[in-house]
Amino acid sequence: MAGIKGAVIPVTPLQQNCSVFWDDEAKQATVIDPGGDAPRIVELLDTQGLTVERILLTHGHFDHAAGVHALNALLAERQGKAVPVIGPHRADGFLLDTLAETGAAYGIPEAEAVSPDEWLDEGGTISIAGQSFDIYHCPGHSPGSLVFVNTEARFAIVGDVLFAGSIGRTDFPYGDHEALINAVRTKLFPLGDDISFICGHGPGSTFGDERRSNPFVGEGA
């Protein structure tokens, strides 16, 4: 995407990916899935001279949202006010409500419940660093998981819906394995093999590579 820069910061001992995208001219940034280590995220912002417009969540799991309050507290000091928290789909509200408990259980004591300023729905769009991304609701890993796709740039942000060689866990009480597989196959793969993506853990890939070889959702699965 012309004029847009980004960075992926693996945070906490769980090494989940927090992403930051910004307009390199306006220096306006969106932080996606701040799961923890808020000072490290702010260090990147300071290095690049960025102002954060919003925090965006792909889903409500603690490892992707537990750092929201800590980050926003630092942003309030840095920018004079906290920034809006956008997403995910409202179906993940119960996960955001219990972030303090789940965060504490996994060694992230700064986790607090999150009440987004805006829920997102499929069919809408969201601005990330000045670029418009289409919103796709892809439940299964969590009921409210979202994927953001810029078809013009052939680029997607998929959270924990899809990984290089894998998919998000569905063995939670609220998980739905078939729904996740269906969402990937019917909503994401038809967008084109050439779309590259970043995900919530590990390296990215392309829809084409995963369609051809992913053992869970690929052609041979």
# chains A, B, ... in the order shown; residues from 1 in each chain; ligands from 1

call {"tool": "residues_around", "arguments": {"residues": "A:Gly175", "least_positions_apart": "3", "cutoff": "10 Å", "atoms": "only C-alpha atoms", "output": "VMD selection string"}}
result
chain A and resid 139 to 143 168 to 172 178 to 180

call {"tool": "write_last_selection", "arguments": {"atoms": "all heavy atoms", "output": "CSV table (one decimal), in the first residue's frame"}}
result
chain,number,residue,atom,x,y,z
A,139,PRO,N,-16.4,-16.4,12.4
A,139,PRO,CA,-16.5,-17.1,13.8
A,139,PRO,C,-15.9,-18.5,13.7
A,139,PRO,O,-15.7,-19.1,12.7
A,139,PRO,CB,-18.0,-17.1,14.1
A,139,PRO,CG,-18.6,-17.2,12.7
A,139,PRO,CD,-17.8,-16.3,11.8
A,140,GLY,N,-15.7,-19.0,14.9
A,140,GLY,CA,-15.2,-20.4,15.0
A,140,GLY,C,-14.1,-20.5,16.1
A,140,GLY,O,-14.2,-21.2,17.1
A,141,HIS,N,-13.0,-19.7,15.9
A,141,HIS,CA,-12.0,-19.6,17.0
A,141,HIS,C,-12.6,-18.8,18.2
A,141,HIS,O,-12.4,-19.2,19.3
A,141,HIS,CB,-10.8,-18.8,16.4
A,141,HIS,CG,-9.7,-18.5,17.4
A,141,HIS,ND1,-9.0,-19.5,18.0
A,141,HIS,CD2,-9.2,-17.4,17.9
A,141,HIS,CE1,-8.1,-19.0,18.9
A,141,HIS,NE2,-8.2,-17.7,18.8
A,142,SER,N,-13.3,-17.8,17.9
A,142,SER,CA,-14.1,-17.1,18.9
A,142,SER,C,-15.4,-16.7,18.1
A,142,SER,O,-15.4,-16.5,16.9
A,142,SER,CB,-13.4,-15.8,19.5
A,142,SER,OG,-13.4,-14.8,18.5
A,143,PRO,N,-16.5,-16.4,18.8
A,143,PRO,CA,-17.7,-16.1,18.1
A,143,PRO,C,-17.7,-14.8,17.4
A,143,PRO,O,-18.4,-14.6,16.4
A,143,PRO,CB,-18.8,-16.0,19.3
A,143,PRO,CG,-18.2,-16.9,20.3
A,143,PRO,CD,-16.7,-16.7,20.3
A,168,GLY,N,-7.0,-21.2,13.8
A,168,GLY,CA,-7.1,-20.9,15.2
A,168,GLY,C,-7.7,-22.1,15.9
A,168,GLY,O,-8.5,-22.9,15.4
A,169,ARG,N,-7.4,-22.2,17.2
A,169,ARG,CA,-8.0,-23.3,18.0
A,169,ARG,C,-9.5,-23.2,18.1
A,169,ARG,O,-10.1,-22.1,18.1
A,169,ARG,CB,-7.4,-23.2,19.4
A,169,ARG,CG,-6.0,-23.6,19.6
A,169,ARG,CD,-5.6,-23.4,21.1
A,169,ARG,NE,-6.4,-24.1,22.0
A,169,ARG,CZ,-6.3,-24.0,23.3
A,169,ARG,NH1,-5.3,-23.3,23.8
A,169,ARG,NH2,-7.1,-24.7,24.1
A,170,THR,N,-10.2,-24.3,18.1
A,170,THR,CA,-11.6,-24.3,18.2
A,170,THR,C,-12.1,-25.2,19.4
A,170,THR,O,-13.2,-25.6,19.5
A,170,THR,CB,-12.3,-24.8,16.9
A,170,THR,OG1,-11.8,-26.1,16.6
A,170,THR,CG2,-12.0,-23.8,15.8
A,171,ASP,N,-11.2,-25.6,20.3
A,171,ASP,CA,-11.5,-26.6,21.3
A,171,ASP,C,-12.0,-25.9,22.6
A,171,ASP,O,-12.0,-26.5,23.7
A,171,ASP,CB,-10.3,-27.5,21.6
A,171,ASP,CG,-9.0,-26.7,22.0
A,171,ASP,OD1,-8.9,-25.5,21.7
A,171,ASP,OD2,-8.1,-27.3,22.7
A,172,PHE,N,-12.4,-24.6,22.5
A,172,PHE,CA,-13.0,-23.9,23.6
A,172,PHE,C,-14.5,-24.3,23.7
A,172,PHE,O,-15.0,-24.8,22.7
A,172,PHE,CB,-12.9,-22.4,23.4
A,172,PHE,CG,-11.5,-21.9,23.1
A,172,PHE,CD1,-11.1,-21.4,21.9
A,172,PHE,CD2,-10.5,-21.9,24.1
A,172,PHE,CE1,-9.9,-21.0,21.6
A,172,PHE,CE2,-9.2,-21.5,23.9
A,172,PHE,CZ,-8.9,-21.0,22.6
A,178,GLU,N,-16.4,-26.3,12.5
A,178,GLU,CA,-17.0,-26.3,11.1
A,178,GLU,C,-17.2,-24.9,10.7
A,178,GLU,O,-17.1,-24.5,9.5
A,178,GLU,CB,-18.2,-27.1,11.1
A,178,GLU,CG,-18.0,-28.6,11.3
A,178,GLU,CD,-17.1,-29.2,10.3
A,178,GLU,OE1,-17.2,-28.8,9.1
A,178,GLU,OE2,-16.2,-30.0,10.6
A,179,ALA,N,-17.6,-24.0,11.6
A,179,ALA,CA,-17.9,-22.6,11.2
A,179,ALA,C,-16.6,-21.9,10.8
A,179,ALA,O,-16.6,-21.1,9.8
A,179,ALA,CB,-18.5,-21.9,12.4
A,180,LEU,N,-15.5,-22.2,11.5
A,180,LEU,CA,-14.2,-21.6,11.1
A,180,LEU,C,-13.8,-22.1,9.7
A,180,LEU,O,-13.4,-21.2,8.9
A,180,LEU,CB,-13.2,-21.9,12.2
A,180,LEU,CG,-11.8,-21.4,11.9
A,180,LEU,CD1,-11.8,-19.9,11.7
A,180,LEU,CD2,-10.8,-21.8,13.0

call {"tool": "select_by_dssp", "arguments": {"residues": "stretch 16-202 of chain A", "states": "alpha helix (DSSP H)", "output": "PyMOL selection string"}}
result
chain A and resi 38-48+62-65+68-79+93-97+99-105+177-183

call {"tool": "closest_residue", "arguments": {"among": "A:Asp194, A:Asp209, A:Cys138, A:Val11", "to": "A:His177", "atoms": "only C-alpha atoms"}}
result
A:Cys138

call {"tool": "closest_residue", "arguments": {"among": "A:His64, A:Arg54, A:Arg185, A:Arg212", "to": "A:Gln16", "atoms": "only C-alpha atoms"}}
result
A:His64

call {"tool": "residues_around", "arguments": {"residues": "A:Ile108", "least_positions_apart": "3", "cutoff": "10 Å", "atoms": "only C-alpha atoms", "output": "PDB file with N, CA, C and O atoms, in the first residue's frame"}}
result
ATOM      1  N   THR A  12       4.558 -10.210  24.898  1.00  0.00           N
ATOM      2  CA  THR A  12       4.407 -11.120  26.044  1.00  0.00           C
ATOM      3  C   THR A  12       5.132 -12.439  25.769  1.00  0.00           C
ATOM      4  O   THR A  12       5.533 -12.732  24.640  1.00  0.00           O
ATOM      5  N   PRO A  13       5.298 -13.261  26.797  1.00  0.00           N
ATOM      6  CA  PRO A  13       5.937 -14.565  26.580  1.00  0.00           C
ATOM      7  C   PRO A  13       5.186 -15.464  25.603  1.00  0.00           C
ATOM      8  O   PRO A  13       5.765 -16.422  25.068  1.00  0.00           O
ATOM      9  N   GLY A  35      -1.844  -7.095  22.886  1.00  0.00           N
ATOM     10  CA  GLY A  35      -2.052  -8.105  23.911  1.00  0.00           C
ATOM     11  C   GLY A  35      -1.254  -7.900  25.185  1.00  0.00           C
ATOM     12  O   GLY A  35      -1.481  -8.590  26.178  1.00  0.00           O
ATOM     13  N   GLY A  36      -0.328  -6.966  25.186  1.00  0.00           N
ATOM     14  CA  GLY A  36       0.502  -6.702  26.362  1.00  0.00           C
ATOM     15  C   GLY A  36       1.748  -5.939  25.952  1.00  0.00           C
ATOM     16  O   GLY A  36       1.867  -5.493  24.800  1.00  0.00           O
ATOM     17  N   ASP A  37       2.682  -5.778  26.906  1.00  0.00           N
ATOM     18  CA  ASP A  37       3.943  -5.074  26.643  1.00  0.00           C
ATOM     19  C   ASP A  37       3.714  -3.690  26.056  1.00  0.00           C
ATOM     20  O   ASP A  37       4.366  -3.261  25.092  1.00  0.00           O
ATOM     21  N   PHE A  62      -7.780 -12.830  25.531  1.00  0.00           N
ATOM     22  CA  PHE A  62      -6.905 -12.045  26.397  1.00  0.00           C
ATOM     23  C   PHE A  62      -5.555 -11.776  25.758  1.00  0.00           C
ATOM     24  O   PHE A  62      -4.966 -10.706  25.953  1.00  0.00           O
ATOM     25  N   ASP A  63      -5.013 -12.731  24.980  1.00  0.00           N
ATOM     26  CA  ASP A  63      -3.669 -12.530  24.437  1.00  0.00           C
ATOM     27  C   ASP A  63      -3.643 -11.498  23.312  1.00  0.00           C
ATOM     28  O   ASP A  63      -2.567 -11.118  22.858  1.00  0.00           O
ATOM     29  N   ALA A  66      -5.523  -7.933  26.155  1.00  0.00           N
ATOM     30  CA  ALA A  66      -5.218  -7.672  27.554  1.00  0.00           C
ATOM     31  C   ALA A  66      -4.425  -6.395  27.776  1.00  0.00           C
ATOM     32  O   ALA A  66      -4.428  -5.831  28.874  1.00  0.00           O
ATOM     33  N   GLY A  67      -3.745  -5.900  26.747  1.00  0.00           N
ATOM     34  CA  GLY A  67      -2.944  -4.689  26.906  1.00  0.00           C
ATOM     35  C   GLY A  67      -3.652  -3.404  26.535  1.00  0.00           C
ATOM     36  O   GLY A  67      -3.030  -2.331  26.545  1.00  0.00           O
ATOM     37  N   LEU A  99     -11.645 -10.245  30.794  1.00  0.00           N
ATOM     38  CA  LEU A  99     -10.207 -10.157  30.519  1.00  0.00           C
ATOM     39  C   LEU A  99      -9.363 -10.138  31.790  1.00  0.00           C
ATOM     40  O   LEU A  99      -8.255 -10.693  31.806  1.00  0.00           O
ATOM     41  N   ALA A 100      -9.846  -9.506  32.850  1.00  0.00           N
ATOM     42  CA  ALA A 100      -9.056  -9.437  34.079  1.00  0.00           C
ATOM     43  C   ALA A 100      -8.805 -10.834  34.638  1.00  0.00           C
ATOM     44  O   ALA A 100      -7.686 -11.165  35.053  1.00  0.00           O
ATOM     45  N   GLU A 101      -9.826 -11.670  34.641  1.00  0.00           N
ATOM     46  CA  GLU A 101      -9.694 -13.013  35.173  1.00  0.00           C
ATOM     47  C   GLU A 101      -8.801 -13.882  34.296  1.00  0.00           C
ATOM     48  O   GLU A 101      -7.893 -14.567  34.785  1.00  0.00           O
ATOM     49  N   THR A 102      -9.037 -13.868  33.000  1.00  0.00           N
ATOM     50  CA  THR A 102      -8.237 -14.714  32.118  1.00  0.00           C
ATOM     51  C   THR A 102      -6.808 -14.196  32.007  1.00  0.00           C
ATOM     52  O   THR A 102      -5.855 -14.989  31.969  1.00  0.00           O
ATOM     53  N   GLY A 103      -6.633 -12.888  31.993  1.00  0.00           N
ATOM     54  CA  GLY A 103      -5.291 -12.335  31.943  1.00  0.00           C
ATOM     55  C   GLY A 103      -4.476 -12.712  33.167  1.00  0.00           C
ATOM     56  O   GLY A 103      -3.309 -13.110  33.059  1.00  0.00           O
ATOM     57  N   ALA A 104      -5.078 -12.603  34.339  1.00  0.00           N
ATOM     58  CA  ALA A 104      -4.380 -12.955  35.577  1.00  0.00           C
ATOM     59  C   ALA A 104      -3.990 -14.427  35.578  1.00  0.00           C
ATOM     60  O   ALA A 104      -2.906 -14.796  36.036  1.00  0.00           O
ATOM     61  N   ALA A 105      -4.851 -15.281  35.053  1.00  0.00           N
ATOM     62  CA  ALA A 105      -4.576 -16.715  35.033  1.00  0.00           C
ATOM     63  C   ALA A 105      -3.396 -17.047  34.132  1.00  0.00           C
ATOM     64  O   ALA A 105      -2.724 -18.065  34.339  1.00  0.00           O
ATOM     65  N   ALA A 111      -4.237  -6.846  32.794  1.00  0.00           N
ATOM     66  CA  ALA A 111      -5.436  -6.981  31.962  1.00  0.00           C
ATOM     67  C   ALA A 111      -6.666  -6.459  32.697  1.00  0.00           C
ATOM     68  O   ALA A 111      -6.855  -6.719  33.885  1.00  0.00           O
ATOM     69  N   GLU A 112      -7.481  -5.712  31.979  1.00  0.00           N
ATOM     70  CA  GLU A 112      -8.753  -5.213  32.497  1.00  0.00           C
ATOM     71  C   GLU A 112      -9.830  -5.436  31.453  1.00  0.00           C
ATOM     72  O   GLU A 112      -9.554  -5.520  30.253  1.00  0.00           O
TER      73      GLU A 112
END

call {"tool": "residues_around", "arguments": {"residues": "A:Val31", "least_positions_apart": "6", "cutoff": "12 Å", "atoms": "only C-alpha atoms", "output": "PyMOL selection string"}}
result
chain A and resi 6-9+17-22+38+41-42+44-45+50-58+64-65+67-68+71-72+75+83-86+127-129

call {"tool": "select_by_dssp", "arguments": {"residues": "stretch 5-48 of chain A", "states": "strand (DSSP E)", "output": "list of chain:residue names"}}
result
A:Lys5, A:Gly6, A:Ala7, A:Val8, A:Ile9, A:Pro10, A:Val11, A:Gln16, A:Asn17, A:Cys18, A:Ser19, A:Val20, A:Phe21, A:Trp22, A:Asp23, A:Gln28, A:Ala29, A:Thr30, A:Val31, A:Ile32

call {"tool": "atom_distance", "arguments": {"atom1": "atom CA of A:Ala156", "atom2": "atom CA of A:Arg90"}}
result
20.8 Å

call {"tool": "residues_around", "arguments": {"residues": "A:Leu188", "least_positions_apart": "4", "cutoff": "10 Å", "atoms": "only C-alpha atoms", "output": "VMD selection string"}}
result
chain A and resid 136 138 147 149 156 158 162 182 to 184 192 to 193 195 207 211

call {"tool": "write_last_selection", "arguments": {"atoms": "N, CA and C atoms", "output": "mmCIF file, in the first residue's frame"}}
result
data_model
loop_
_atom_site.group_PDB
_atom_site.id
_atom_site.type_symbol
_atom_site.label_atom_id
_atom_site.label_comp_id
_atom_site.auth_asym_id
_atom_site.auth_seq_id
_atom_site.Cartn_x
_atom_site.Cartn_y
_atom_site.Cartn_z
ATOM 1 N N TYR A 136 -14.951 -8.813 7.480
ATOM 2 C CA TYR A 136 -15.545 -10.134 7.337
ATOM 3 C C TYR A 136 -15.661 -10.777 8.719
ATOM 4 N N CYS A 138 -15.758 -13.938 10.784
ATOM 5 C CA CYS A 138 -15.301 -15.314 10.579
ATOM 6 C C CYS A 138 -15.274 -16.046 11.920
ATOM 7 N N VAL A 147 -11.972 -10.439 10.244
ATOM 8 C CA VAL A 147 -10.856 -10.337 9.304
ATOM 9 C C VAL A 147 -11.028 -9.036 8.532
ATOM 10 N N VAL A 149 -9.777 -6.836 5.170
ATOM 11 C CA VAL A 149 -9.173 -7.083 3.859
ATOM 12 C C VAL A 149 -9.199 -5.814 3.007
ATOM 13 N N ALA A 156 -4.497 -8.703 3.810
ATOM 14 C CA ALA A 156 -5.498 -8.986 4.839
ATOM 15 C C ALA A 156 -4.856 -9.087 6.213
ATOM 16 N N VAL A 158 -5.815 -11.133 9.550
ATOM 17 C CA VAL A 158 -6.759 -12.222 9.830
ATOM 18 C C VAL A 158 -6.845 -12.630 11.294
ATOM 19 N N LEU A 162 -6.787 -17.700 10.660
ATOM 20 C CA LEU A 162 -5.970 -18.509 9.754
ATOM 21 C C LEU A 162 -4.502 -18.249 10.033
ATOM 22 N N ASN A 182 -15.631 -23.230 7.338
ATOM 23 C CA ASN A 182 -16.559 -22.679 6.347
ATOM 24 C C ASN A 182 -16.252 -21.218 6.051
ATOM 25 N N ALA A 183 -15.948 -20.440 7.088
ATOM 26 C CA ALA A 183 -15.660 -19.019 6.895
ATOM 27 C C ALA A 183 -14.416 -18.824 6.032
ATOM 28 N N VAL A 184 -13.371 -19.592 6.307
ATOM 29 C CA VAL A 184 -12.139 -19.459 5.528
ATOM 30 C C VAL A 184 -12.381 -19.839 4.072
ATOM 31 N N GLY A 192 -9.115 -14.402 -3.541
ATOM 32 C CA GLY A 192 -7.972 -14.484 -4.446
ATOM 33 C C GLY A 192 -6.736 -15.086 -3.818
ATOM 34 N N ASP A 193 -6.055 -15.947 -4.581
ATOM 35 C CA ASP A 193 -4.839 -16.602 -4.097
ATOM 36 C C ASP A 193 -3.722 -15.619 -3.797
ATOM 37 N N ILE A 195 -3.735 -12.774 -2.309
ATOM 38 C CA ILE A 195 -3.842 -11.931 -1.111
ATOM 39 C C ILE A 195 -2.905 -12.466 -0.035
ATOM 40 N N PHE A 207 -3.372 -16.440 0.816
ATOM 41 C CA PHE A 207 -4.552 -17.295 0.731
ATOM 42 C C PHE A 207 -4.291 -18.460 -0.223
ATOM 43 N N ARG A 211 -4.747 -22.283 0.678
ATOM 44 C CA ARG A 211 -5.764 -23.035 -0.053
ATOM 45 C C ARG A 211 -5.169 -24.320 -0.622
#

call {"tool": "closest_residue", "arguments": {"among": "A:Gly202, A:Gly165, A:Gly107, A:Pro39", "to": "A:Gln15", "atoms": "only C-alpha atoms"}}
result
A:Gly202

call {"tool": "closest_residue", "arguments": {"among": "A:Ile4, A:Gln131, A:Ile181, A:Gly49", "to": "A:Asp23", "atoms": "only C-alpha atoms"}}
result
A:Ile4

call {"tool": "closest_residue", "arguments": {"among": "A:Gly93, A:Pro88, A:Gly208, A:Gly60", "to": "A:Phe189", "atoms": "only C-alpha atoms"}}
result
A:Gly208

call {"tool": "closest_residue", "arguments": {"among": "A:Ile135, A:Ala2, A:Leu96, A:Ala221", "to": "A:Ile157", "atoms": "only C-alpha atoms"}}
result
A:Ile135

call {"tool": "atom_distance", "arguments": {"atom1": "atom CA of A:Leu14", "atom2": "atom CA of A:Phe163"}}
result
15.6 Å

call {"tool": "decode", "arguments": {"residues": "stretch 44-56 of chain A", "atoms": "all heavy atoms", "output": "PDB file, in the first residue's frame"}}
result
ATOM      1  N   LEU A  44       7.966   1.910  19.812  1.00  0.00           N
ATOM      2  CA  LEU A  44       7.899   1.967  18.353  1.00  0.00           C
ATOM      3  C   LEU A  44       7.235   3.258  17.896  1.00  0.00           C
ATOM      4  O   LEU A  44       7.710   3.918  16.961  1.00  0.00           O
ATOM      5  CB  LEU A  44       7.117   0.771  17.807  1.00  0.00           C
ATOM      6  CG  LEU A  44       6.791   0.848  16.312  1.00  0.00           C
ATOM      7  CD1 LEU A  44       8.041   0.668  15.469  1.00  0.00           C
ATOM      8  CD2 LEU A  44       5.724  -0.166  15.921  1.00  0.00           C
ATOM      9  N   LEU A  45       6.149   3.640  18.546  1.00  0.00           N
ATOM     10  CA  LEU A  45       5.455   4.874  18.182  1.00  0.00           C
ATOM     11  C   LEU A  45       6.389   6.071  18.297  1.00  0.00           C
ATOM     12  O   LEU A  45       6.421   6.943  17.415  1.00  0.00           O
ATOM     13  CB  LEU A  45       4.237   5.073  19.079  1.00  0.00           C
ATOM     14  CG  LEU A  45       3.178   3.964  19.083  1.00  0.00           C
ATOM     15  CD1 LEU A  45       2.113   4.266  20.127  1.00  0.00           C
ATOM     16  CD2 LEU A  45       2.552   3.803  17.707  1.00  0.00           C
ATOM     17  N   ASP A  46       7.148   6.116  19.378  1.00  0.00           N
ATOM     18  CA  ASP A  46       8.078   7.228  19.583  1.00  0.00           C
ATOM     19  C   ASP A  46       9.183   7.231  18.527  1.00  0.00           C
ATOM     20  O   ASP A  46       9.556   8.289  18.001  1.00  0.00           O
ATOM     21  CB  ASP A  46       8.701   7.141  20.979  1.00  0.00           C
ATOM     22  CG  ASP A  46       7.708   7.478  22.084  1.00  0.00           C
ATOM     23  OD1 ASP A  46       6.669   8.100  21.788  1.00  0.00           O
ATOM     24  OD2 ASP A  46       7.979   7.104  23.244  1.00  0.00           O
ATOM     25  N   THR A  47       9.703   6.058  18.223  1.00  0.00           N
ATOM     26  CA  THR A  47      10.778   5.956  17.235  1.00  0.00           C
ATOM     27  C   THR A  47      10.337   6.474  15.875  1.00  0.00           C
ATOM     28  O   THR A  47      11.094   7.154  15.170  1.00  0.00           O
ATOM     29  CB  THR A  47      11.245   4.500  17.111  1.00  0.00           C
ATOM     30  OG1 THR A  47      11.756   4.061  18.362  1.00  0.00           O
ATOM     31  CG2 THR A  47      12.327   4.363  16.053  1.00  0.00           C
ATOM     32  N   GLN A  48       9.075   6.193  15.517  1.00  0.00           N
ATOM     33  CA  GLN A  48       8.553   6.593  14.207  1.00  0.00           C
ATOM     34  C   GLN A  48       7.839   7.944  14.242  1.00  0.00           C
ATOM     35  O   GLN A  48       7.415   8.440  13.193  1.00  0.00           O
ATOM     36  CB  GLN A  48       7.586   5.518  13.689  1.00  0.00           C
ATOM     37  CG  GLN A  48       8.224   4.160  13.482  1.00  0.00           C
ATOM     38  CD  GLN A  48       9.284   4.165  12.406  1.00  0.00           C
ATOM     39  OE1 GLN A  48       9.223   4.944  11.443  1.00  0.00           O
ATOM     40  NE2 GLN A  48      10.288   3.301  12.555  1.00  0.00           N
ATOM     41  N   GLY A  49       7.681   8.539  15.417  1.00  0.00           N
ATOM     42  CA  GLY A  49       7.000   9.823  15.532  1.00  0.00           C
ATOM     43  C   GLY A  49       5.515   9.741  15.209  1.00  0.00           C
ATOM     44  O   GLY A  49       4.964  10.626  14.555  1.00  0.00           O
ATOM     45  N   LEU A  50       4.844   8.710  15.721  1.00  0.00           N
ATOM     46  CA  LEU A  50       3.469   8.432  15.345  1.00  0.00           C
ATOM     47  C   LEU A  50       2.461   8.898  16.389  1.00  0.00           C
ATOM     48  O   LEU A  50       2.738   8.881  17.591  1.00  0.00           O
ATOM     49  CB  LEU A  50       3.280   6.928  15.131  1.00  0.00           C
ATOM     50  CG  LEU A  50       4.210   6.262  14.121  1.00  0.00           C
ATOM     51  CD1 LEU A  50       3.977   4.761  14.087  1.00  0.00           C
ATOM     52  CD2 LEU A  50       4.020   6.867  12.732  1.00  0.00           C
ATOM     53  N   THR A  51       1.297   9.285  15.916  1.00  0.00           N
ATOM     54  CA  THR A  51       0.139   9.545  16.757  1.00  0.00           C
ATOM     55  C   THR A  51      -0.893   8.462  16.488  1.00  0.00           C
ATOM     56  O   THR A  51      -1.218   8.179  15.328  1.00  0.00           O
ATOM     57  CB  THR A  51      -0.486  10.918  16.443  1.00  0.00           C
ATOM     58  OG1 THR A  51       0.477  11.934  16.715  1.00  0.00           O
ATOM     59  CG2 THR A  51      -1.728  11.160  17.285  1.00  0.00           C
ATOM     60  N   VAL A  52      -1.398   7.842  17.532  1.00  0.00           N
ATOM     61  CA  VAL A  52      -2.354   6.747  17.366  1.00  0.00           C
ATOM     62  C   VAL A  52      -3.763   7.304  17.252  1.00  0.00           C
ATOM     63  O   VAL A  52      -4.203   8.114  18.074  1.00  0.00           O
ATOM     64  CB  VAL A  52      -2.260   5.754  18.542  1.00  0.00           C
ATOM     65  CG1 VAL A  52      -3.329   4.664  18.419  1.00  0.00           C
ATOM     66  CG2 VAL A  52      -0.875   5.131  18.597  1.00  0.00           C
ATOM     67  N   GLU A  53      -4.479   6.852  16.218  1.00  0.00           N
ATOM     68  CA  GLU A  53      -5.870   7.247  16.013  1.00  0.00           C
ATOM     69  C   GLU A  53      -6.838   6.316  16.717  1.00  0.00           C
ATOM     70  O   GLU A  53      -7.880   6.758  17.225  1.00  0.00           O
ATOM     71  CB  GLU A  53      -6.204   7.250  14.521  1.00  0.00           C
ATOM     72  CG  GLU A  53      -5.513   8.305  13.705  1.00  0.00           C
ATOM     73  CD  GLU A  53      -5.979   8.264  12.271  1.00  0.00           C
ATOM     74  OE1 GLU A  53      -5.728   7.243  11.591  1.00  0.00           O
ATOM     75  OE2 GLU A  53      -6.603   9.252  11.828  1.00  0.00           O
ATOM     76  N   ARG A  54      -6.531   5.030  16.704  1.00  0.00           N
ATOM     77  CA  ARG A  54      -7.452   4.057  17.269  1.00  0.00           C
ATOM     78  C   ARG A  54      -6.715   2.767  17.595  1.00  0.00           C
ATOM     79  O   ARG A  54      -5.644   2.481  17.039  1.00  0.00           O
ATOM     80  CB  ARG A  54      -8.599   3.749  16.301  1.00  0.00           C
ATOM     81  CG  ARG A  54      -8.158   3.085  14.998  1.00  0.00           C
ATOM     82  CD  ARG A  54      -9.308   2.850  14.049  1.00  0.00           C
ATOM     83  NE  ARG A  54      -9.958   4.099  13.690  1.00  0.00           N
ATOM     84  CZ  ARG A  54      -9.528   4.912  12.727  1.00  0.00           C
ATOM     85  NH1 ARG A  54      -8.423   4.620  12.063  1.00  0.00           N
ATOM     86  NH2 ARG A  54     -10.177   6.020  12.445  1.00  0.00           N
ATOM     87  N   ILE A  55      -7.309   1.998  18.490  1.00  0.00           N
ATOM     88  CA  ILE A  55      -6.905   0.622  18.768  1.00  0.00           C
ATOM     89  C   ILE A  55      -7.973  -0.273  18.155  1.00  0.00           C
ATOM     90  O   ILE A  55      -9.166  -0.081  18.380  1.00  0.00           O
ATOM     91  CB  ILE A  55      -6.787   0.359  20.281  1.00  0.00           C
ATOM     92  CG1 ILE A  55      -5.659   1.193  20.883  1.00  0.00           C
ATOM     93  CG2 ILE A  55      -6.569  -1.124  20.559  1.00  0.00           C
ATOM     94  CD1 ILE A  55      -5.631   1.193  22.402  1.00  0.00           C
ATOM     95  N   LEU A  56      -7.542  -1.254  17.378  1.00  0.00           N
ATOM     96  CA  LEU A  56      -8.450  -2.136  16.664  1.00  0.00           C
ATOM     97  C   LEU A  56      -8.241  -3.570  17.137  1.00  0.00           C
ATOM     98  O   LEU A  56      -7.111  -4.038  17.245  1.00  0.00           O
ATOM     99  CB  LEU A  56      -8.188  -2.026  15.160  1.00  0.00           C
ATOM    100  CG  LEU A  56      -9.029  -2.863  14.211  1.00  0.00           C
ATOM    101  CD1 LEU A  56     -10.503  -2.506  14.319  1.00  0.00           C
ATOM    102  CD2 LEU A  56      -8.529  -2.679  12.771  1.00  0.00           C
TER     103      LEU A  56
END
